Amino acid sequence: MLLGLVTSFSASAAAPDLILFNGKVFTSDVANLHAEALAIRGERIVEVGTSKSISALAGPKTKRIDLGGRVVVPGFNDAHFHHMPNPEGVTAKLPMPPGAVVPEPTWDEVLAALPAAVKQARKAEWIYAHVGQTVVNDPRVTRDPIDKIAPENPVLVGSWFGHGHLFNTVAMRRVGIGEEEPDPMGGHFGRFTGTQRVTGMVYEYAGWPAFRALEESCTDEEIIRSLKELAGEAAQFGITSIQNMTYLKPKRYVELLRRADFPLRMRVIRWPATDVRGRDLKDGLDVPLHPSGARLVTVSGTKWVLDGSPLERGMAVRGEYRDRPGWSGALSFPEPELRAMLRETIARKDQSLLHATGDKTVEAVLNAMEAVDGNSSHWPARRVRIEHGDGLLPDLLPRAKAMGVVVVQNPTHFDPGVGHFFERFGTNHPYLPLRSLAAAGIPLAFGSDGPMNPGLNIMFAQIHPLRPGEGITREQSVEAYTRGSAFAEFAEQEKGSLIAGQLADLAVLSQDIFQVIPPELPKTVSVLTLVGGEVVHDGGVLGKK
């Protein structure tokens with residue numbers, strides 16, 4: 001029997017180990033959204049109810065925590081995260097205007113900042129510069145001027161949005177990019193006019209092997225330190241589960257999670273590379289679903305990136321870009337390849353996770369699903385995930401609903417200073433649906449794909465500044481961030497709701513996220529975070545007995 005079916009506490013059973021009472025418990029259980037208290041035995045919740053009923057269950061050894069009226073939610077589950085540790089190095093200091101949320105320097109500002117970074121760096125040490133769409137879309141950007149400034153240091157000019165990066169010559173050699181490296185399937189290199197020489201710019205899968213080489217060059221100690229920092233930050237935000245897509249080899253990553261004694265639940269999602277021959281079909285398949293010695297780790301799902309983003313105009317659309325007439329973006333893979341991806345995961349009883357931002361891309365995914373299996377009733381059990389789903393437009397919603405597509409959205413992408421949707425598609429663009437998805441019954445999950453602050457994402461999901469009519473309620477957002485994200489990884493019977501039988505993964509919040517005004521939401525932190533009934537973060541503000 002599924003543990004999620006347990007609904008009541010047996011009076012003859014042992015007393016709970018811990019009770020939390022006098023709170024506002026948001027359960028994410030549609031049958032009973034609100035309670036005052038809950039009881040925990042071992043790693044699971046045994047009952048949820050009123051403070052009086054739960055307090056009556058306490059025995060002489062039961063620990064009691066008075067919540068003092070604070071809000072309790074299921075532990076947040078970040079359904080789309082990228083932990084990408086890089087080797088230690090020097091980061092160039094670039095201008096960040098007041099109020100800016102992401103770096104957006106010019107190419108000239110990057111070149112002006114690099115000499116100081118070179119002086120600070122040791123010989124052969126990595127130098128990093130974080131940039132946005134201004135640099136990625138500048139046709140002047142090549143490795144040549146950086147080579148003159150940093151002839152002995154590898155330099156990576158990386159975009160914060162992950163689509164378009166520049167390596168200088170030393171860095172290219174370090175990560176294995178040849179002077180005339182051929183384009184792999186699903187990606188391409190920038191090339192000097194009239195030649196096959198690589199400019200240093202890499203797009204989509206052209207950069208994949210380079211980033212794996214970069215991350216794999218980290219020492220174990222660097223990665224373990226990074227994992228501990230990640231766990232600390234996530235737990236302070238009340239995040240108890242992370243669904244992670246990293247360039248690191250899954251086998252090594254799982255081993256380092258074990259050595260780091262990573263205290264949160266981690267789903268490691270396979271993210272294979274490509275080369276000139278095609279896609280890597282074996283990457284990560286040597287790691288079992290439940291790796292030995294890593295009790296909080298699972299390994300499942302296969303992710304493919306099917307198009308880019310609107311920032312570099314790689315998002316594939318059925319219309320055209322307003323600020324580049326005649327251009328519609330491009331699919332990374334042809335539809336026959338999409339069909340092959342789906343068949344592979346069906347054969348392995350695995351899950352497909354498909355980065356698909358544009359409406360042309362989403363349509364191609366739905367076409368491929370119908371071509372692989374025309375019986376739509378077979379698809380919901382497979383829970384094909386569309387990561388982002390910005391282009392899931394009204395005409396595509398019925399097809400997506402019929403096939404049980406799950407959408408994992410990242411509300412920080414709704415920031416007007418981030419996505420450039422108005423510039424690309426006009427103020428009345430049809431993209432970035434959210435309320436429409438919920439109304440259509442599309443399963444919805446939230447991931448950060450950037451700043452992992454749940455309060456920030458909940459704020460943007462409510463106000464949705466790029467399409468205010470598509471905002472959703474805070475209750476819907478929390479459900480997407482908890483029960484919805486658990487559903488997106490086939491774990492809704494184990495976690496995502498605060499009900500009897502589920503794992504005791506929860507967060508006690510610093511403020512009432514259902515009452516504060518939207519600008520206050522990003523200030524929310526967790527004052528107490530539990531994973532399986534164990535404390536992984538304690539802000540020290542709750543009295544215990």
# chains A, B, ... in the order shown; residues from 1 in each chain; ligands from 1
$ residues_around --residues "Ile499 of chain A" --least-positions-apart "2" --cutoff "12 Å" --atoms "only C-alpha atoms" --output "ChimeraX atom specification"
/A:3-9,25-35,37-40,44-49,73-74,483,492-497,501-506
$ residues_around --residues "segment 418-423 of chain A" --least-positions-apart "2" --cutoff "12 Å" --atoms "only C-alpha atoms" --output "PyMOL selection string"
chain A and resi 100-104+132-134+160-161+309-313+315+321-324+357-358+390-391+410-416+425-432+450+465-467
$ select_by_dssp --residues "segment 334-433 of chain A" --states "alpha helix (DSSP H)" --output "PyMOL selection string"
chain A and resi 335-348+359-372+397-402+416-419+421-425
$ select_by_dssp --residues "segment 128-240 of chain A" --states "strand (DSSP E or B)" --output "list in words"
Tyr128, Ala129, His130, Val131, Val155, Leu156, Val157, Gly158, Ser159, His165, Leu166, Phe167, Gly187, His188, Phe189, Gly190, Arg191, Val198, Thr199, Gly200, Met201, Val202, Tyr203, Glu204, Ile239 and Thr240 of chain A
$ write_last_selection --atoms "N, CA and C atoms" --output "PDB file, in the first residue's frame"
ATOM      1  N   TYR A 128      36.698  34.629 -14.536  1.00  0.00           N
ATOM      2  CA  TYR A 128      35.299  34.576 -14.943  1.00  0.00           C
ATOM      3  C   TYR A 128      34.728  35.986 -15.077  1.00  0.00           C
ATOM      4  N   ALA A 129      33.855  36.158 -16.053  1.00  0.00           N
ATOM      5  CA  ALA A 129      33.101  37.400 -16.203  1.00  0.00           C
ATOM      6  C   ALA A 129      31.658  37.029 -16.474  1.00  0.00           C
ATOM      7  N   HIS A 130      30.734  37.573 -15.656  1.00  0.00           N
ATOM      8  CA  HIS A 130      29.323  37.240 -15.776  1.00  0.00           C
ATOM      9  C   HIS A 130      28.603  38.329 -16.554  1.00  0.00           C
ATOM     10  N   VAL A 131      27.931  37.925 -17.638  1.00  0.00           N
ATOM     11  CA  VAL A 131      27.320  38.897 -18.547  1.00  0.00           C
ATOM     12  C   VAL A 131      25.887  38.495 -18.867  1.00  0.00           C
ATOM     13  N   VAL A 155      39.948  32.234 -19.681  1.00  0.00           N
ATOM     14  CA  VAL A 155      38.892  33.195 -19.372  1.00  0.00           C
ATOM     15  C   VAL A 155      37.567  32.658 -19.908  1.00  0.00           C
ATOM     16  N   LEU A 156      36.559  32.679 -19.051  1.00  0.00           N
ATOM     17  CA  LEU A 156      35.201  32.310 -19.449  1.00  0.00           C
ATOM     18  C   LEU A 156      34.300  33.516 -19.233  1.00  0.00           C
ATOM     19  N   VAL A 157      33.737  34.022 -20.326  1.00  0.00           N
ATOM     20  CA  VAL A 157      32.724  35.070 -20.254  1.00  0.00           C
ATOM     21  C   VAL A 157      31.383  34.350 -20.377  1.00  0.00           C
ATOM     22  N   GLY A 158      30.734  34.155 -19.240  1.00  0.00           N
ATOM     23  CA  GLY A 158      29.543  33.313 -19.202  1.00  0.00           C
ATOM     24  C   GLY A 158      28.263  34.097 -19.023  1.00  0.00           C
ATOM     25  N   SER A 159      27.240  33.749 -19.776  1.00  0.00           N
ATOM     26  CA  SER A 159      25.949  34.416 -19.626  1.00  0.00           C
ATOM     27  C   SER A 159      25.207  33.809 -18.449  1.00  0.00           C
ATOM     28  N   HIS A 165      28.094  31.556 -24.533  1.00  0.00           N
ATOM     29  CA  HIS A 165      29.248  31.799 -23.670  1.00  0.00           C
ATOM     30  C   HIS A 165      30.482  31.969 -24.543  1.00  0.00           C
ATOM     31  N   LEU A 166      31.488  32.617 -23.976  1.00  0.00           N
ATOM     32  CA  LEU A 166      32.733  32.855 -24.716  1.00  0.00           C
ATOM     33  C   LEU A 166      33.926  32.314 -23.931  1.00  0.00           C
ATOM     34  N   PHE A 167      34.758  31.505 -24.603  1.00  0.00           N
ATOM     35  CA  PHE A 167      36.028  31.034 -24.058  1.00  0.00           C
ATOM     36  C   PHE A 167      37.169  31.705 -24.821  1.00  0.00           C
ATOM     37  N   GLY A 187      23.915  22.041 -31.460  1.00  0.00           N
ATOM     38  CA  GLY A 187      24.650  23.231 -31.031  1.00  0.00           C
ATOM     39  C   GLY A 187      25.540  23.749 -32.138  1.00  0.00           C
ATOM     40  N   HIS A 188      26.127  24.927 -31.922  1.00  0.00           N
ATOM     41  CA  HIS A 188      27.044  25.456 -32.928  1.00  0.00           C
ATOM     42  C   HIS A 188      28.020  26.433 -32.286  1.00  0.00           C
ATOM     43  N   PHE A 189      29.125  26.618 -32.960  1.00  0.00           N
ATOM     44  CA  PHE A 189      30.165  27.558 -32.547  1.00  0.00           C
ATOM     45  C   PHE A 189      30.068  28.831 -33.370  1.00  0.00           C
ATOM     46  N   GLY A 190      30.441  29.952 -32.767  1.00  0.00           N
ATOM     47  CA  GLY A 190      30.667  31.154 -33.547  1.00  0.00           C
ATOM     48  C   GLY A 190      31.939  30.971 -34.360  1.00  0.00           C
ATOM     49  N   ARG A 191      31.971  31.498 -35.572  1.00  0.00           N
ATOM     50  CA  ARG A 191      33.156  31.337 -36.425  1.00  0.00           C
ATOM     51  C   ARG A 191      33.535  32.671 -37.047  1.00  0.00           C
ATOM     52  N   VAL A 198      37.005  28.926 -34.840  1.00  0.00           N
ATOM     53  CA  VAL A 198      36.034  29.197 -33.772  1.00  0.00           C
ATOM     54  C   VAL A 198      36.363  30.526 -33.109  1.00  0.00           C
ATOM     55  N   THR A 199      35.347  31.358 -32.943  1.00  0.00           N
ATOM     56  CA  THR A 199      35.552  32.667 -32.288  1.00  0.00           C
ATOM     57  C   THR A 199      35.694  32.535 -30.777  1.00  0.00           C
ATOM     58  N   GLY A 200      35.297  31.398 -30.247  1.00  0.00           N
ATOM     59  CA  GLY A 200      35.239  31.215 -28.799  1.00  0.00           C
ATOM     60  C   GLY A 200      33.820  31.200 -28.276  1.00  0.00           C
ATOM     61  N   MET A 201      32.855  31.669 -29.101  1.00  0.00           N
ATOM     62  CA  MET A 201      31.452  31.640 -28.706  1.00  0.00           C
ATOM     63  C   MET A 201      30.889  30.230 -28.895  1.00  0.00           C
ATOM     64  N   VAL A 202      30.163  29.761 -27.868  1.00  0.00           N
ATOM     65  CA  VAL A 202      29.536  28.440 -27.933  1.00  0.00           C
ATOM     66  C   VAL A 202      28.052  28.600 -27.633  1.00  0.00           C
ATOM     67  N   TYR A 203      27.245  27.854 -28.371  1.00  0.00           N
ATOM     68  CA  TYR A 203      25.796  27.923 -28.210  1.00  0.00           C
ATOM     69  C   TYR A 203      25.234  26.519 -28.034  1.00  0.00           C
ATOM     70  N   GLU A 204      24.332  26.387 -27.077  1.00  0.00           N
ATOM     71  CA  GLU A 204      23.649  25.136 -26.762  1.00  0.00           C
ATOM     72  C   GLU A 204      24.650  23.981 -26.648  1.00  0.00           C
ATOM     73  N   ILE A 239      13.841  24.972   1.649  1.00  0.00           N
ATOM     74  CA  ILE A 239      13.874  24.006   0.548  1.00  0.00           C
ATOM     75  C   ILE A 239      14.372  22.669   1.100  1.00  0.00           C
ATOM     76  N   THR A 240      13.594  21.629   0.900  1.00  0.00           N
ATOM     77  CA  THR A 240      13.975  20.311   1.402  1.00  0.00           C
ATOM     78  C   THR A 240      14.265  19.315   0.287  1.00  0.00           C
TER      79      THR A 240
END
$ closest_residue --among "A:Ala368, A:Thr193, A:Ala116, A:Met84" --to "Leu227 of chain A" --atoms "only C-alpha atoms"
A:Met84
$ closest_residue --among "A:Val175, A:Ile346, A:Met341, A:Leu306" --to "Ile386 of chain A" --atoms "only C-alpha atoms"
A:Leu306
$ atom_distance --atom1 "atom CA of Trp107 of chain A" --atom2 "atom CA of Gly164 of chain A"
13.9 Å
$ atom_distance --atom1 "atom CA of Lys303 of chain A" --atom2 "atom CA of Gln243 of chain A"
11.6 Å
$ closest_atom_pairs --of "segment 40-98 of chain A" --to "segment 509-524 of chain A" --cutoff "10 Å" --atoms "only C-alpha atoms" --output "CSV"
residue,atom,partner,partner_atom,distance
A:Leu67,CA,A:Leu509,CA,9.8
A:Gly69,CA,A:Asp512,CA,9.2
A:Arg70,CA,A:Leu509,CA,6.5
A:Val71,CA,A:Leu509,CA,5.6
A:Val72,CA,A:Leu509,CA,6.2
A:Val73,CA,A:Leu509,CA,7.7
$ write_last_selection --atoms "N, CA and C atoms" --output "compact mmCIF listing (two decimals), in the first residue's frame"
# COMPACT_ATOMS: atom_id res chain seq x y z
N LEU A 67 4.72 26.90 17.86
CA LEU A 67 4.99 27.65 16.63
C LEU A 67 4.69 29.14 16.78
N GLY A 69 2.08 30.80 16.31
CA GLY A 69 1.26 31.36 15.24
C GLY A 69 1.93 31.42 13.88
N ARG A 70 3.13 30.87 13.76
CA ARG A 70 3.84 30.94 12.48
C ARG A 70 3.26 29.98 11.44
N VAL A 71 3.52 30.33 10.19
CA VAL A 71 3.07 29.51 9.06
C VAL A 71 4.02 28.34 8.86
N VAL A 72 3.45 27.16 8.65
CA VAL A 72 4.21 25.96 8.31
C VAL A 72 3.76 25.50 6.93
N VAL A 73 4.71 25.18 6.08
CA VAL A 73 4.40 24.67 4.74
C VAL A 73 5.19 23.40 4.50
$ residues_around --residues "Pro184 of chain A" --least-positions-apart "4" --cutoff "6 Å" --atoms "only C-alpha atoms" --output "list of chain:residue names"
A:Ala206, A:Asp275, A:Val276
